[in-house]
Structures are given as C-alpha cells and as structure tokens.
Amino acid sequence: MIEITNKEQCCGCNACGDICPKGAITFPQDEEGFWYPKVDLEKCVNCGMCNKVCPLQNMDKVKSAEKMNPPKVVGGYHKNIAIRFDSTSGGIFSALANAMYKDGGYVSGAIQNEDLTVCNFISNDKRDLAKLRSSKYVQSSAIGLYKRIKELLNAGEKVLACGSPCQMGALRSYLGKDYENLIIVDFLCRATNSPKAYRKYMDMLEKQYGGKVVYVKAKNKEHGWHSLARKVVFDNGKEYYGEGHDDHYRRGYHWNMFERPSCYDCKFKEIPRNSDITLGDFWGVEKVAPDLEQNLGTSMVMLNTPKGEAFFEKIRGKLNCRDFALQDIIPGNRQALLEVIKYPNIDRKAMFEDMDKMPFDEIAAKYFPNKKNKVGKKRLFKKIVKFVLQRLQSPLETLRIFRYNVLCSNVKSCVLKGNYLKVQSHCAIDLHKNAKILVTNGVFDFGMKKNKKSKAETSLFIDDGGVLQIDGKNFIKNTSDIQIFKGALLRFGPGATNMGLKIVCSEKIWIGDYTRIGRDVWIRDNNGGHKIIQVGYKDKAPVIIGNYVWICSGAQIMKGVTIGDGAVISANSVVTSNVPAHSLVAGNPAKVVAENVYWRP
C-alpha cells in the first residue's frame with residue numbers, strides 16, 4: 001500500500017491510482033493545492049501494485065529504455081509560421097503530433113479545461129491539436145491516462161505520449177516494458193506549479209478585468225518570444241498581457257515560490273533522458289546560430305533513443321533545423337535540464353494559508369514583490385513631474401486636453417489613468433451631439449506632426465451615433481481625414497499611423513492591434529452611395545484588419561475586405577478581396593505574392 005510520509009517523495013503522477021485493481025486510491029488536494037494519493041483501507045487488498053508503479057520508487061524501470069549517450073541534438077522551428085507563432089517554442093510538438101495523426105495514431109498532452117484546471121488528454125482527432133499545443137505552466141492531472149494508453153497499445157494502436165519528465169517516467173514504470181508502437185516525448189521542465197496558486201491568480205485577473213477568463217496563452221508571442229508575455233482574454237473582450245516578471249504568477253514561478261515539493265529534489269534532471277524525444281526552448285540559440293533566432297521561438301530537440309530519432313526523421317522536412325552538439329544547448333537551458341531548483345527563503349506554510357484569505361496580488365506583494373516596480377515608482381514620479389512641467393510650458397496643449405477630455409461630453413476617457421485624447425494644433429473636429437470617442441489603455445494623439453510649424457490640417461468628423469473606439473496607445477499624423485457616418489464604428493488598437501490617412505466609415509471598420517499604416521493610405525467600407533445594377537451588389541460592407549498588419553504607403557483597402565493577422569500590404573496596392581494571414585500581397589487588384597511571411601514592428 002502506498003503511503004506518503006515525505007511529500008518530496010511524491011511527484012503527483014497519478015499512476016498508482018490507475019494501477020489499483022480495486023479503485024481504492026483517490027487524489028485529494030492538500031493545503032498547497034497538490035494531489036497526493038489517499039488509500040481507502042476498506043477497498044485496499046494490499047496487492048502492492050501501487051508501490052510497483054511509483055516512478056520515484058522504481059527508477060530502474062523508468063530508465064529501462066535503450067538510450068543514446070550522448071543524445072543527438074537538433075535545433076530549429078516549424079516552417080509554418082502560424083504553427084510556430086501559436087507554439088511555446090518552435091512548433092516541433094505540432095509536427096510530431098501531426099506525423100502521428102497521419103499514421104492513424106493517438107496523441108496525448110495537457111489541455112486546459114473550461115474551469116481553468118489542467119489535465120492530460122488523449123485522442124486521435126487532429127482537431128484537438130490546438131488545445132494540446134503550448135505549455136500550461138501548472139501541474140496537470142493524469143488520472144486515467146496511463147490505463148488508457150496501455151489499452152490502446154495492447155490493441156495495436158500507435159501512441160505519441162507527451163508530458164512532464166516525471167509523468168513520462170511514470171508511464172514507463174506503469175507499462176513495465178517498451179512498446180514499439182509508442183513514442184514518449186517529455187520536455188525540459190524547470191518545475192511544476194501549484195494548481196491552487198494558478199486558480200488564485202486567475203481569480204485575481206477576473207476580478208481586475210471584470211470578466212470570466214475564456215483564453216490563456218502562457219507564452220504569447222505578439223510582443224516577441226523573449227517578452228515571456230502571458231495573454232489572457234476575458235468574455236467581455238478585455239485582454240491582459242503580463243510580460244516577464246511584471247506578471248505575478250511568472251515571477252512567483254521563477255522565484256520557486258509555489259512549486260511541488262518533489263521539484264526541489266527532482267530525480268529526472270539528467271542526461272541521458274528517459275524519453276524517446278525531449279523538447280524545450282532553445283535559449284541562447286542566438287550565440288550558436290543567429291539565423292535561427294527571430295524572436296518568434298526556436299526549439300531544442302534531444303533525440304534520446306534510436307526509435308525517437310527514427311520518428312523525428314519523419315518530420316525533418318517540415319522544419320527549418322540543423323544538428324547541434326550537446327554543449328550548445330546546456331548554457332541556456334542548464335536549470336531546466338540539469339539543476340534542481342532551490343527552496344525559497346519564505347514561510348511557505350504561511351503563504352499558502354494566506355492564499356485562502358488574500359487575493360493573489362497581495363500574496364505577491366507580501367512574498368515575492370516586483371523589485372523593478374519599487375524602482376519604477378520613483379521613475380513614475382519623475383515622469384509625472386516632467387509631464388506637469390511640460391504642460392506648464394505648453395498651456396494651449398493643456399487647455400486642449402482639458403477641453404476634449406473634461407468639458408466635451410462626447411469623449412469618454414480618464415486623464416488621471418493616462419487614457420485621454422490629445423488634440424494637436426490645426427485640427428478640425430466636428431462631432432455630432434450623439435457621437436462618441438472612447439479612449440482606453442493609453443493616449444490617442446490626433447494630428448501628431450514632426451514639423452511643429454506646419455499648419456496642415458487634420459480632420460475628424462463623426463455623425464449621429466457614430467463611434468471612434470481607441471483601445472490602446474495610438475497616433476494619427478497630420479493631413480489625415482477621418483469620416484465616421486451615422487451609426488458607424490471605427491476602431492483602432494494600439495499602433496501607429498503615418499501622414500495622409502483617409503478613412504470613410506459608414507458601417508464598420510475594425511483595425512487590429514499593433515497595425516502599422518504608412519503614408520497616404522485609403523480605407524473605406526462603402527462606395528459613397530453609388531449603385532451598380534448587378535446581382536448581389538452591396539454599397540457597403542465591413543472592413544476587418546487583423547493584428548500586426550503592415551499597410552504600406554499609398555495602399556487602398558476597399559469595402560468587405562478581411563485582412564488576416566501579420567499580413568503585409570505592399571505600397572500602392574488596391575485590396576478588393578480577403579488577404580490570408582501572414583501573407584504578402586501586391587498589385588491592382590492585390591494578389592498574394594508570398595506566404596508564411598513574418599515581420600516585426
């Protein structure tokens with residue numbers, strides 16, 4: 001009968017529960033939110049099977065596979081930029097999974113459920129790959145996984161199983177032998193985090209943003225791979241981006257605050273590995289292969305067994321990759337690969353007790369405060385002083401800010417929070433009494449100009465019920481002319497617009513986040529009321545422009561067009577039909593001239 005007296009001797013793999021013939025083992029959470037086996041003594045028959053599959057008690061079984069020492073090492077990324085962009089590293093797991101799906105096999109990995117818990121999942125439906133892709137950075141429940149995999153293998157099915165090193169070690173121990181139809185993939189795991197801490201973190205975000213979490217990407221790449229940004233989307237449309245150690249959860253994780261006790265004495269950080277294939281971030285790739293580093297994610301792959309190497313060769317053609325030496329990957333990945341994390345210098349018991357009564361941001365401030373923010377408060381004070389002094393030197397600008405953000409009922413903003421409309425000189429603004437300008441998450445600088453002596457006019461007209469929605473820091477340079485007609489919506493995300501922008505909006509124009517617009521660009525969702533006698537003709541239709549789109553000088557975007565994320569519109573192009581994501585279009589009418597394009601602002 002399995003009995004945990006030292007929590008460092010249980011990795012929470014759940015294998016003992018799967019092997020129990022009487023279903024006598026359950027996994028309640030302890031005060032830290034981690035699962036530990038609990039035996040129902042009335043059901044237990046003392047068969048000892050639970051002890052026989054425990055990976056920490058049977059490391060000889062875990063290490064039984066034929067290994068290559070040293071392993072072969074590959075670095076690179078998926079050629080499909082959309083897959084790479086949506087992956088934690090370079091998209092290698094997706095290539096491996098698709099190869100198994102193509103063989104008619106099953107793929108397992110961790111998924112996040114609607115209630116934000118994480119569990120291991122297995123299927124042979126390639127449509128499930130999107131939710132299997134990307135690391136979740138919290139411990140997953142593997143209850144039922146090992147039993148199901150063994151059933152599939154014994155039935156002759158092929159399986160690619162991916163999980164943490166301790167989970168995949170538990171799988172080897174549970175199976176008791178190697179299966180030719182099984183590929184085991186683990187990943188470089190620094191440590192595994194408390195589900196309780198993760199839930200408290202999500203509760204904090206939901207309260208702060210006033211909505212339910214509907215999407216989480218733990219390592220979102222919209223701000224670049226190195227930003228370590230967590231993106232969280234809420235059901236009210238709001239979004240959170242937490243970069244690096246500014247994010248409370250990531251900071252706590254990197255400071256070892258709420259990892260599973262067994263992680264402080266991890267038995268799986270070693271070479272050779274116990275899996276067929278090991279995946280991970282290739283940190284430091286720029287030092288050994290600068291051409292493979294574009295701040296979009298590069299994977300490190302360790303091929304640990306001949307079987308793993310043979311399976312990897314099936315996907316090599318899908319990748320931009322090359323072979324490396326083992327010493328090339330160690331400097332940037334030493335801690336996740338070889339070093340056990342250190343126990344934090346805090347009262348851990350008190351911290352988890354406080355989680356029951358304090359919000360997560362207060363826990364962070366008490367136990368792992370952001371030191372950078374302490375310095376940042378001083379910097380912020382200096383910025384405020386500088387801001388005031390600048391406004392005192394420019395009273396007209398101060399008056400315009402006051403006029404449009406305080407006195408004008410059409411503008412909804414918050415100057416004290418840094419969200420306001422800034423109107424430059426020589427701007428002509430005509431707002432109907434029922435028109436609205438909504439400014440959130442930054443300053444909207446209208447009529448911005450490099451030449452301070454220029455008197456070139458910048459024009460804005462909003463008719464009855466029209467709305468100009470600004471969801472982030474943005475600017476419109478001078479000589480631009482924007483017209484929003486009755487009941488229409490024009491939305492800008494954070495971004496930048498050059499001189500001479502012309503927009504005519506009569507229904508809806510949606511411009512995504514971090515879009516860059518060059519000089520003298522036209523965007524319109526209508527034909528000005530002119531009619532063409534033709535079946536199916538519409539005078540107006542919405543224009544939807546995705547995130548990270550680059551619209552070059554002189555381009556024209558016409559009604560009814562949707563432009564996918566990351567697309568590039570060449571100079572002087574006339575866009576009359578939809579543009580695929582991450583493509584380059586040119587001409588009149590614009591046609592796709594390149595695919596799989598990636599650019600950074």
# chains A, B, ... in the order shown; residues from 1 in each chain; ligands from 1

$ select_by_dssp --residues "region 123-313 of chain A" --states "strand (DSSP E or B)" --output "NGL selection string"
:A and (123 or 141 or 159-163 or 182-187 or 193 or 213-220 or 229-234 or 239-242 or 259 or 277-281 or 299-303)

$ closest_residue --among "A:Val443, A:Cys189, A:Leu152, A:Leu438" --to "Gly418 (chain A)" --atoms "only C-alpha atoms"
A:Val443

$ select_by_dssp --residues "region 299-328 of chain A" --states "helix (DSSP H, G or I)" --output "JSON, numbers by chain"
{"A": [306, 307, 308, 309, 310, 311, 312, 313, 316, 317, 318, 326, 327, 328]}

$ residues_around --residues "Ser459 (chain A)" --least-positions-apart "6" --cutoff "6 Å" --atoms "only C-alpha atoms" --output "NGL selection string"
:A and (427-429 or 481)

$ closest_residue --among "A:Pro494, A:Gly332, A:Pro359, A:Gly91" --to "Lys200 (chain A)" --atoms "only C-alpha atoms"
A:Pro359

$ residues_around --residues "region 279-281 of chain A" --least-positions-apart "5" --cutoff "12 Å" --atoms "only C-alpha atoms" --output "ChimeraX atom specification"
/A:73-77,87-96,134-135,162-165,184-190,219,225-226,228,273,293,295-304,308,312,329-330,332-334,336-337

$ atom_distance --atom1 "CA of Lys269 (chain A)" --atom2 "CA of Tyr137 (chain A)"
17.4 Å

$ closest_residue --among "A:Tyr253, A:Tyr106, A:Phe461, A:Trp510" --to "Ile341 (chain A)" --atoms "only C-alpha atoms"
A:Tyr253

$ residues_around --residues "Gly237 (chain A)" --least-positions-apart "3" --cutoff "9 Å" --atoms "only C-alpha atoms" --output "list in words"
Gly211, Val233 and Phe234 of chain A

$ residues_around --residues "Asp128 (chain A)" --least-positions-apart "5" --cutoff "12 Å" --atoms "only C-alpha atoms" --output "MDAnalysis selection string"
chainID A and resid 94 97:98 101 106:112 121:123 133

$ write_last_selection --atoms "N, CA and C atoms" --output "PDB file, in the first residue's frame"
ATOM      1  N   SER A  94       3.931  20.139 -32.538  1.00  0.00           N
ATOM      2  CA  SER A  94       2.841  20.073 -33.522  1.00  0.00           C
ATOM      3  C   SER A  94       3.230  19.207 -34.705  1.00  0.00           C
ATOM      4  N   ALA A  97       3.089  15.604 -33.524  1.00  0.00           N
ATOM      5  CA  ALA A  97       1.703  15.180 -33.369  1.00  0.00           C
ATOM      6  C   ALA A  97       1.047  14.922 -34.719  1.00  0.00           C
ATOM      7  N   ASN A  98       1.258  15.824 -35.662  1.00  0.00           N
ATOM      8  CA  ASN A  98       0.651  15.638 -36.982  1.00  0.00           C
ATOM      9  C   ASN A  98       1.188  14.393 -37.681  1.00  0.00           C
ATOM     10  N   TYR A 101      -0.772  11.617 -36.101  1.00  0.00           N
ATOM     11  CA  TYR A 101      -2.145  11.606 -36.631  1.00  0.00           C
ATOM     12  C   TYR A 101      -2.170  11.026 -38.043  1.00  0.00           C
ATOM     13  N   TYR A 106      -2.648   7.972 -31.915  1.00  0.00           N
ATOM     14  CA  TYR A 106      -3.191   8.833 -30.875  1.00  0.00           C
ATOM     15  C   TYR A 106      -2.085   9.738 -30.328  1.00  0.00           C
ATOM     16  N   VAL A 107      -2.500  10.910 -29.841  1.00  0.00           N
ATOM     17  CA  VAL A 107      -1.569  11.867 -29.251  1.00  0.00           C
ATOM     18  C   VAL A 107      -2.102  12.293 -27.892  1.00  0.00           C
ATOM     19  N   SER A 108      -1.224  12.321 -26.901  1.00  0.00           N
ATOM     20  CA  SER A 108      -1.635  12.801 -25.582  1.00  0.00           C
ATOM     21  C   SER A 108      -0.809  14.012 -25.182  1.00  0.00           C
ATOM     22  N   GLY A 109      -1.399  14.838 -24.346  1.00  0.00           N
ATOM     23  CA  GLY A 109      -0.733  16.025 -23.821  1.00  0.00           C
ATOM     24  C   GLY A 109      -1.656  16.703 -22.833  1.00  0.00           C
ATOM     25  N   ALA A 110      -1.259  17.865 -22.341  1.00  0.00           N
ATOM     26  CA  ALA A 110      -2.051  18.595 -21.349  1.00  0.00           C
ATOM     27  C   ALA A 110      -2.966  19.601 -22.039  1.00  0.00           C
ATOM     28  N   ILE A 111      -4.192  19.688 -21.547  1.00  0.00           N
ATOM     29  CA  ILE A 111      -5.143  20.679 -22.048  1.00  0.00           C
ATOM     30  C   ILE A 111      -5.709  21.463 -20.864  1.00  0.00           C
ATOM     31  N   GLN A 112      -6.157  22.675 -21.149  1.00  0.00           N
ATOM     32  CA  GLN A 112      -6.817  23.467 -20.108  1.00  0.00           C
ATOM     33  C   GLN A 112      -8.315  23.351 -20.283  1.00  0.00           C
ATOM     34  N   PHE A 121      -4.814  14.543 -21.703  1.00  0.00           N
ATOM     35  CA  PHE A 121      -5.885  14.205 -22.635  1.00  0.00           C
ATOM     36  C   PHE A 121      -5.281  13.432 -23.790  1.00  0.00           C
ATOM     37  N   ILE A 122      -6.023  12.497 -24.343  1.00  0.00           N
ATOM     38  CA  ILE A 122      -5.515  11.718 -25.471  1.00  0.00           C
ATOM     39  C   ILE A 122      -6.623  11.500 -26.489  1.00  0.00           C
ATOM     40  N   SER A 123      -6.292  11.628 -27.769  1.00  0.00           N
ATOM     41  CA  SER A 123      -7.269  11.360 -28.831  1.00  0.00           C
ATOM     42  C   SER A 123      -6.532  11.141 -30.145  1.00  0.00           C
ATOM     43  N   ARG A 133      -1.490  21.962 -27.919  1.00  0.00           N
ATOM     44  CA  ARG A 133      -0.292  22.762 -28.181  1.00  0.00           C
ATOM     45  C   ARG A 133      -0.051  23.767 -27.059  1.00  0.00           C
TER      46      ARG A 133
END

$ decode --residues "region 193-244 of chain A" --atoms "C-alpha atoms" --output "short mmCIF file (atom, residue, chain, number, x, y, z; two decimals), in the first residue's frame"
data_model
loop_
_atom_site.label_atom_id
_atom_site.label_comp_id
_atom_site.auth_asym_id
_atom_site.auth_seq_id
_atom_site.Cartn_x
_atom_site.Cartn_y
_atom_site.Cartn_z
CA ASN A 193 3.35 24.86 -10.18
CA SER A 194 0.53 24.65 -7.67
CA PRO A 195 -2.99 24.44 -9.17
CA LYS A 196 -4.19 26.38 -6.13
CA ALA A 197 -1.81 29.27 -6.84
CA TYR A 198 -2.85 29.22 -10.51
CA ARG A 199 -6.55 29.38 -9.64
CA LYS A 200 -5.99 32.26 -7.20
CA TYR A 201 -4.03 34.08 -9.90
CA MET A 202 -6.88 33.65 -12.38
CA ASP A 203 -9.41 34.78 -9.75
CA MET A 204 -7.37 37.96 -9.32
CA LEU A 205 -7.34 38.67 -13.06
CA GLU A 206 -11.08 38.02 -13.42
CA LYS A 207 -11.80 40.48 -10.62
CA GLN A 208 -9.45 43.11 -12.02
CA TYR A 209 -10.83 42.86 -15.56
CA GLY A 210 -14.46 42.28 -14.64
CA GLY A 211 -14.94 39.19 -16.80
CA LYS A 212 -14.53 35.45 -16.99
CA VAL A 213 -11.31 34.06 -18.50
CA VAL A 214 -12.00 32.42 -21.87
CA TYR A 215 -8.46 32.12 -23.30
CA VAL A 216 -4.95 31.80 -21.87
CA LYS A 217 -1.65 31.66 -23.73
CA ALA A 218 1.16 31.27 -21.20
CA LYS A 219 3.88 32.36 -23.62
CA ASN A 220 2.20 34.64 -26.10
CA LYS A 221 4.46 35.93 -28.89
CA GLU A 222 2.66 39.05 -30.01
CA HIS A 223 5.32 41.05 -28.17
CA GLY A 224 8.07 38.63 -29.15
CA TRP A 225 9.27 35.28 -27.78
CA HIS A 226 11.67 36.92 -25.34
CA SER A 227 8.93 39.02 -23.76
CA LEU A 228 7.62 35.91 -21.93
CA ALA A 229 4.20 37.53 -22.16
CA ARG A 230 1.11 35.79 -20.81
CA LYS A 231 -2.03 36.73 -22.73
CA VAL A 232 -5.40 36.31 -21.04
CA VAL A 233 -8.69 37.13 -22.79
CA PHE A 234 -11.96 37.72 -20.94
CA ASP A 235 -15.55 37.22 -22.02
CA ASN A 236 -16.12 40.99 -22.01
CA GLY A 237 -13.47 41.41 -24.72
CA LYS A 238 -10.77 42.80 -22.45
CA GLU A 239 -7.22 41.45 -22.66
CA TYR A 240 -4.32 41.16 -20.23
CA TYR A 241 -0.66 40.97 -21.25
CA GLY A 242 1.75 40.14 -18.42
CA GLU A 243 5.36 40.36 -19.52
CA GLY A 244 8.24 38.66 -17.74
#
